[in-house]
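Structure data (CSV, C-alpha atoms) from work_36.csv:
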```
chain,number,residue,atom,x,y,z
K,24,MET,CA,0.0,0.0,0.0
K,25,SER,CA,1.4,3.4,-1.0
K,26,PHE,CA,2.0,6.2,1.5
K,27,GLY,CA,-1.0,8.1,0.1
K,28,ALA,CA,-3.3,5.1,0.5
K,29,LYS,CA,-2.2,4.5,4.0
K,30,SER,CA,-2.7,8.1,4.9
K,31,TYR,CA,-6.2,8.1,3.4
K,32,LYS,CA,-7.1,4.9,5.3
K,33,SER,CA,-5.7,6.3,8.5
K,34,THR,CA,-7.7,9.5,8.2
K,35,ALA,CA,-10.9,7.6,7.2
K,36,ILE,CA,-10.6,5.5,10.4
K,37,LYS,CA,-9.8,8.4,12.7
K,38,THR,CA,-12.8,10.5,11.4
K,39,ALA,CA,-15.3,7.6,11.2
K,40,THR,CA,-18.2,7.2,13.6
K,41,PRO,CA,-18.2,4.1,15.9
K,42,GLU,CA,-20.8,2.5,13.6
K,43,GLN,CA,-18.6,3.1,10.5
K,44,VAL,CA,-15.6,1.6,12.3
K,45,LEU,CA,-17.6,-1.5,13.2
K,46,LEU,CA,-18.6,-1.9,9.5
K,47,MET,CA,-15.0,-1.4,8.4
K,48,LEU,CA,-13.9,-4.1,10.8
K,49,TYR,CA,-16.4,-6.5,9.4
K,50,GLU,CA,-15.4,-5.6,5.8
K,51,ALA,CA,-11.8,-6.2,6.6
K,52,ALA,CA,-12.5,-9.5,8.3
K,53,ILE,CA,-14.6,-10.8,5.4
K,54,LYS,CA,-11.9,-9.7,2.9
K,55,ALA,CA,-9.1,-11.4,4.9
K,56,SER,CA,-11.2,-14.5,5.2
K,57,LYS,CA,-11.7,-14.7,1.4
K,58,LEU,CA,-8.0,-14.1,0.9
K,59,ALA,CA,-7.2,-16.8,3.4
K,60,LYS,CA,-9.4,-19.3,1.5
K,61,LEU,CA,-7.7,-18.4,-1.8
K,62,ALA,CA,-4.3,-18.8,-0.1
K,63,LEU,CA,-5.3,-22.2,1.3
K,64,GLU,CA,-6.6,-23.4,-2.1
K,65,SER,CA,-3.3,-22.3,-3.8
K,66,GLN,CA,-1.3,-23.9,-0.9
K,67,ASN,CA,0.3,-20.6,0.0
K,68,VAL,CA,0.8,-21.4,3.7
K,69,SER,CA,2.4,-18.2,4.8
K,70,GLU,CA,-0.3,-16.1,3.2
K,71,LYS,CA,-3.0,-18.3,4.6
K,72,CYS,CA,-1.6,-17.9,8.1
K,73,LYS,CA,-1.2,-14.1,7.6
K,74,GLN,CA,-4.8,-13.7,6.5
K,75,ILE,CA,-6.3,-16.0,9.2
K,76,THR,CA,-4.3,-14.1,11.8
K,77,LYS,CA,-5.9,-10.8,10.5
K,78,VAL,CA,-9.4,-12.3,10.8
K,79,HIS,CA,-8.6,-13.7,14.2
K,80,ASP,CA,-7.4,-10.3,15.5
K,81,ILE,CA,-10.5,-8.6,14.2
K,82,VAL,CA,-12.8,-11.1,15.7
K,83,VAL,CA,-11.0,-10.8,19.0
K,84,GLU,CA,-11.4,-7.0,18.8
K,85,LEU,CA,-15.1,-7.3,18.0
K,86,HIS,CA,-15.5,-9.8,20.9
K,87,SER,CA,-13.7,-7.5,23.4
K,88,SER,CA,-15.8,-4.5,22.4
K,89,LEU,CA,-19.1,-6.2,23.3
K,90,ASP,CA,-21.1,-4.3,25.9
K,91,HIS,CA,-22.7,-7.0,28.1
K,92,LYS,CA,-24.3,-4.3,30.3
K,93,LYS,CA,-26.2,-2.5,27.6
K,94,SER,CA,-27.7,-5.6,25.9
K,95,PRO,CA,-26.8,-8.8,27.7
K,96,ALA,CA,-28.7,-11.2,25.4
K,97,VAL,CA,-27.3,-9.7,22.2
K,98,ALA,CA,-23.8,-9.6,23.6
K,99,GLU,CA,-24.1,-13.2,24.7
K,100,GLN,CA,-25.3,-14.3,21.2
K,101,LEU,CA,-22.5,-12.4,19.5
K,102,SER,CA,-20.0,-13.7,21.9
K,103,SER,CA,-21.0,-17.3,21.1
K,104,LEU,CA,-20.7,-16.5,17.3
K,105,TYR,CA,-17.3,-14.9,17.8
K,106,ASP,CA,-16.1,-17.9,19.8
K,107,PHE,CA,-17.3,-20.2,17.1
K,108,CYS,CA,-15.5,-18.2,14.4
K,109,THR,CA,-12.3,-18.3,16.4
K,110,SER,CA,-12.6,-22.1,16.7
K,111,GLN,CA,-13.3,-22.4,13.0
K,112,LEU,CA,-10.3,-20.2,12.2
K,113,LEU,CA,-8.1,-22.4,14.3
K,114,LYS,CA,-9.5,-25.5,12.5
K,115,ALA,CA,-8.9,-23.9,9.1
K,116,ASN,CA,-5.4,-23.0,9.9
K,117,MET,CA,-4.4,-26.3,11.5
K,118,ASN,CA,-6.2,-28.7,9.1
K,119,ASN,CA,-6.3,-26.6,5.9
K,120,ASP,CA,-10.1,-26.8,6.1
K,121,SER,CA,-11.7,-24.5,3.6
K,122,ALA,CA,-15.2,-25.4,4.9
K,123,ALA,CA,-14.2,-23.9,8.2
K,124,ILE,CA,-13.3,-20.6,6.5
K,125,ASP,CA,-16.5,-20.8,4.5
K,126,SER,CA,-18.5,-20.9,7.8
K,127,VAL,CA,-16.6,-17.9,9.1
K,128,ILE,CA,-17.3,-16.0,5.9
K,129,LYS,CA,-21.0,-16.8,6.1
K,130,ILE,CA,-21.3,-15.8,9.7
K,131,LEU,CA,-19.4,-12.6,9.3
K,132,GLY,CA,-21.3,-11.8,6.1
K,133,THR,CA,-24.7,-12.3,7.9
K,134,LEU,CA,-23.6,-10.2,10.9
K,135,TYR,CA,-22.3,-7.5,8.5
K,136,GLU,CA,-25.6,-7.3,6.7
K,137,GLY,CA,-27.4,-7.1,10.0
K,138,TRP,CA,-25.2,-4.3,11.2
K,139,VAL,CA,-25.6,-2.4,7.9
K,140,ALA,CA,-29.4,-2.5,8.3
K,141,ALA,CA,-29.1,-1.5,12.0
K,142,VAL,CA,-26.8,1.4,11.2
K,143,ASP,CA,-29.1,2.5,8.4
K,144,GLU,CA,-32.1,2.4,10.7
K,145,VAL,CA,-30.4,4.5,13.3
K,146,ARG,CA,-29.4,7.0,10.7
K,147,LYS,CA,-32.9,7.2,9.4
K,148,SER,CA,-34.4,7.7,12.9
K,149,LYS,CA,-31.9,10.4,13.7
K,150,GLN,CA,-32.8,12.2,10.5
K,151,GLY,CA,-36.5,11.8,11.2
K,152,GLY,CA,-36.0,13.2,14.7
K,153,LYS,CA,-34.5,16.5,13.5
```

Using structure tokens, write down the structure that the file contains.
Amino acid sequence: MSFGAKSYKSTAIKTATPEQVLLMLYEAAIKASKLAKLALESQNVSEKCKQITKVHDIVVELHSSLDHKKSPAVAEQLSSLYDFCTSQLLKANMNNDSAAIDSVIKILGTLYEGWVAAVDEVRKSKQGGK
């Protein structure tokens, strides 16, 4: 990545709302998951490990940011999904299991779509309340 691209990305993250950062994390995790699967299929072990590590780090960050006081039931459900993703990433990495990566991609994709809809709903309600 060029200096200009890194600078732009850094500025985009620093100026983003918490909701936008959440969506960026999901996008990055989904992208890295897909790259990990491609690397696994092409038997590029170092790239597979690199991408799975990226996804793992993002999932750990998402997990650690859960607010169990605000919405305990939702936080618990997300926690379980993140734990499952973590175990699937380990399985994919240790056993070269592309089905495990597929399950992570599916879960993260579904969660991403849900968050996009939720963020859009919040945005609409804020605009309606003005």

Name all residues at most 8 Å from segment 121-134 of chain K (count all atoms listed in the file; drop same-chain ones fewer than 5 positions away) and give them as a PyMOL selection string. chain K and resi 49+52-53+56-57+59-60+63-64+104+108+111-112+114-115

Test item: residues at most 10 Å from Glu70 of chain K, only C-alpha atoms, excluding those fewer than 4 positions along its chain, as a PyMOL selection string: chain K and resi 58-63+65-66+74-76

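For His91 of chain K, the set of protein, DNA and RNA residues having any atom at most 12 Å away, when counting all atoms listed in the file and skipping those fewer than 5 positions along the same chain, is His86, Ala96, Val97, Ala98, Glu99, Gln100, Leu101 and Ser102 of chain K.
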
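With atom CA of Lys71 of chain K on one side and atom CA of Asn116 of chain K on the other, the separation reads 7.5 Å.
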
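The gap separating atom CA of Thr40 of chain K from atom CA of Lys77 of chain K is 22.0 Å, in Å to one decimal.
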
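When atom CA of Leu113 of chain K is paired with atom CA of Ser94 of chain K, their separation reads 28.3 Å.
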
Per residue of segment 81-103 of chain K within 12 Å of segment 44-47 of chain K, note the shortest atom pair and the distance in Å to one decimal, counting only C-alpha atoms, and order the rows by chain and increasing residue number, as a Markdown table.
```
| residue | atom | partner | partner_atom | distance |
| --- | --- | --- | --- | --- |
| K:Ile81 | CA | K:Leu45 | CA | 10.1 |
| K:Val82 | CA | K:Leu45 | CA | 11.0 |
| K:Glu84 | CA | K:Leu45 | CA | 10.0 |
| K:Leu85 | CA | K:Leu45 | CA | 7.9 |
| K:His86 | CA | K:Leu45 | CA | 11.5 |
| K:Ser88 | CA | K:Leu45 | CA | 9.8 |
| K:Leu89 | CA | K:Leu45 | CA | 11.2 |
```

With the input short on atoms, add N, CA and C atoms back to segment 103-124 of chain K and write it as a PDB file, keeping the file's coordinate frame.
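After the write, out-v9.pdb holds the following:
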```pdb
ATOM      1  N   SER K 103     -20.978 -15.869  21.495  1.00  0.00           N
ATOM      2  CA  SER K 103     -21.000 -17.300  21.100  1.00  0.00           C
ATOM      3  C   SER K 103     -20.584 -17.393  19.582  1.00  0.00           C
ATOM      4  N   LEU K 104     -21.088 -16.498  18.764  1.00  0.00           N
ATOM      5  CA  LEU K 104     -20.700 -16.500  17.300  1.00  0.00           C
ATOM      6  C   LEU K 104     -19.245 -16.220  17.133  1.00  0.00           C
ATOM      7  N   TYR K 105     -18.729 -15.246  17.868  1.00  0.00           N
ATOM      8  CA  TYR K 105     -17.300 -14.900  17.800  1.00  0.00           C
ATOM      9  C   TYR K 105     -16.432 -16.069  18.240  1.00  0.00           C
ATOM     10  N   ASP K 106     -16.864 -16.734  19.321  1.00  0.00           N
ATOM     11  CA  ASP K 106     -16.100 -17.900  19.800  1.00  0.00           C
ATOM     12  C   ASP K 106     -16.107 -19.006  18.749  1.00  0.00           C
ATOM     13  N   PHE K 107     -17.252 -19.233  18.113  1.00  0.00           N
ATOM     14  CA  PHE K 107     -17.300 -20.200  17.100  1.00  0.00           C
ATOM     15  C   PHE K 107     -16.411 -19.872  15.897  1.00  0.00           C
ATOM     16  N   CYS K 108     -16.422 -18.599  15.496  1.00  0.00           N
ATOM     17  CA  CYS K 108     -15.500 -18.200  14.400  1.00  0.00           C
ATOM     18  C   CYS K 108     -14.077 -18.393  14.764  1.00  0.00           C
ATOM     19  N   THR K 109     -13.718 -18.085  16.003  1.00  0.00           N
ATOM     20  CA  THR K 109     -12.300 -18.300  16.400  1.00  0.00           C
ATOM     21  C   THR K 109     -11.959 -19.766  16.352  1.00  0.00           C
ATOM     22  N   SER K 110     -12.863 -20.642  16.766  1.00  0.00           N
ATOM     23  CA  SER K 110     -12.600 -22.100  16.700  1.00  0.00           C
ATOM     24  C   SER K 110     -12.470 -22.550  15.241  1.00  0.00           C
ATOM     25  N   GLN K 111     -13.296 -21.995  14.384  1.00  0.00           N
ATOM     26  CA  GLN K 111     -13.300 -22.400  13.000  1.00  0.00           C
ATOM     27  C   GLN K 111     -11.970 -21.867  12.299  1.00  0.00           C
ATOM     28  N   LEU K 112     -11.511 -20.690  12.708  1.00  0.00           N
ATOM     29  CA  LEU K 112     -10.300 -20.200  12.200  1.00  0.00           C
ATOM     30  C   LEU K 112      -9.087 -21.068  12.565  1.00  0.00           C
ATOM     31  N   LEU K 113      -9.099 -21.513  13.801  1.00  0.00           N
ATOM     32  CA  LEU K 113      -8.100 -22.400  14.300  1.00  0.00           C
ATOM     33  C   LEU K 113      -8.113 -23.740  13.471  1.00  0.00           C
ATOM     34  N   LYS K 114      -9.306 -24.255  13.283  1.00  0.00           N
ATOM     35  CA  LYS K 114      -9.500 -25.500  12.500  1.00  0.00           C
ATOM     36  C   LYS K 114      -9.017 -25.298  11.075  1.00  0.00           C
ATOM     37  N   ALA K 115      -9.367 -24.169  10.473  1.00  0.00           N
ATOM     38  CA  ALA K 115      -8.900 -23.900   9.100  1.00  0.00           C
ATOM     39  C   ALA K 115      -7.432 -23.828   8.990  1.00  0.00           C
ATOM     40  N   ASN K 116      -6.812 -23.193   9.965  1.00  0.00           N
ATOM     41  CA  ASN K 116      -5.400 -23.000   9.900  1.00  0.00           C
ATOM     42  C   ASN K 116      -4.631 -24.331  10.192  1.00  0.00           C
ATOM     43  N   MET K 117      -5.095 -25.098  11.161  1.00  0.00           N
ATOM     44  CA  MET K 117      -4.400 -26.300  11.500  1.00  0.00           C
ATOM     45  C   MET K 117      -4.643 -27.471  10.528  1.00  0.00           C
ATOM     46  N   ASN K 118      -5.869 -27.536   9.980  1.00  0.00           N
ATOM     47  CA  ASN K 118      -6.200 -28.700   9.100  1.00  0.00           C
ATOM     48  C   ASN K 118      -6.420 -28.317   7.659  1.00  0.00           C
ATOM     49  N   ASN K 119      -6.092 -27.080   7.289  1.00  0.00           N
ATOM     50  CA  ASN K 119      -6.300 -26.600   5.900  1.00  0.00           C
ATOM     51  C   ASN K 119      -7.747 -26.905   5.475  1.00  0.00           C
ATOM     52  N   ASP K 120      -8.666 -26.503   6.310  1.00  0.00           N
ATOM     53  CA  ASP K 120     -10.100 -26.800   6.100  1.00  0.00           C
ATOM     54  C   ASP K 120     -10.803 -25.582   5.521  1.00  0.00           C
ATOM     55  N   SER K 121     -11.055 -25.628   4.210  1.00  0.00           N
ATOM     56  CA  SER K 121     -11.700 -24.500   3.600  1.00  0.00           C
ATOM     57  C   SER K 121     -13.172 -24.366   3.994  1.00  0.00           C
ATOM     58  N   ALA K 122     -13.811 -25.472   4.370  1.00  0.00           N
ATOM     59  CA  ALA K 122     -15.200 -25.400   4.900  1.00  0.00           C
ATOM     60  C   ALA K 122     -15.284 -24.587   6.141  1.00  0.00           C
ATOM     61  N   ALA K 123     -14.255 -24.671   6.967  1.00  0.00           N
ATOM     62  CA  ALA K 123     -14.200 -23.900   8.200  1.00  0.00           C
ATOM     63  C   ALA K 123     -14.145 -22.393   7.879  1.00  0.00           C
ATOM     64  N   ILE K 124     -13.348 -22.050   6.882  1.00  0.00           N
ATOM     65  CA  ILE K 124     -13.300 -20.600   6.500  1.00  0.00           C
ATOM     66  C   ILE K 124     -14.605 -20.209   5.873  1.00  0.00           C
TER      67      ILE K 124
END
```
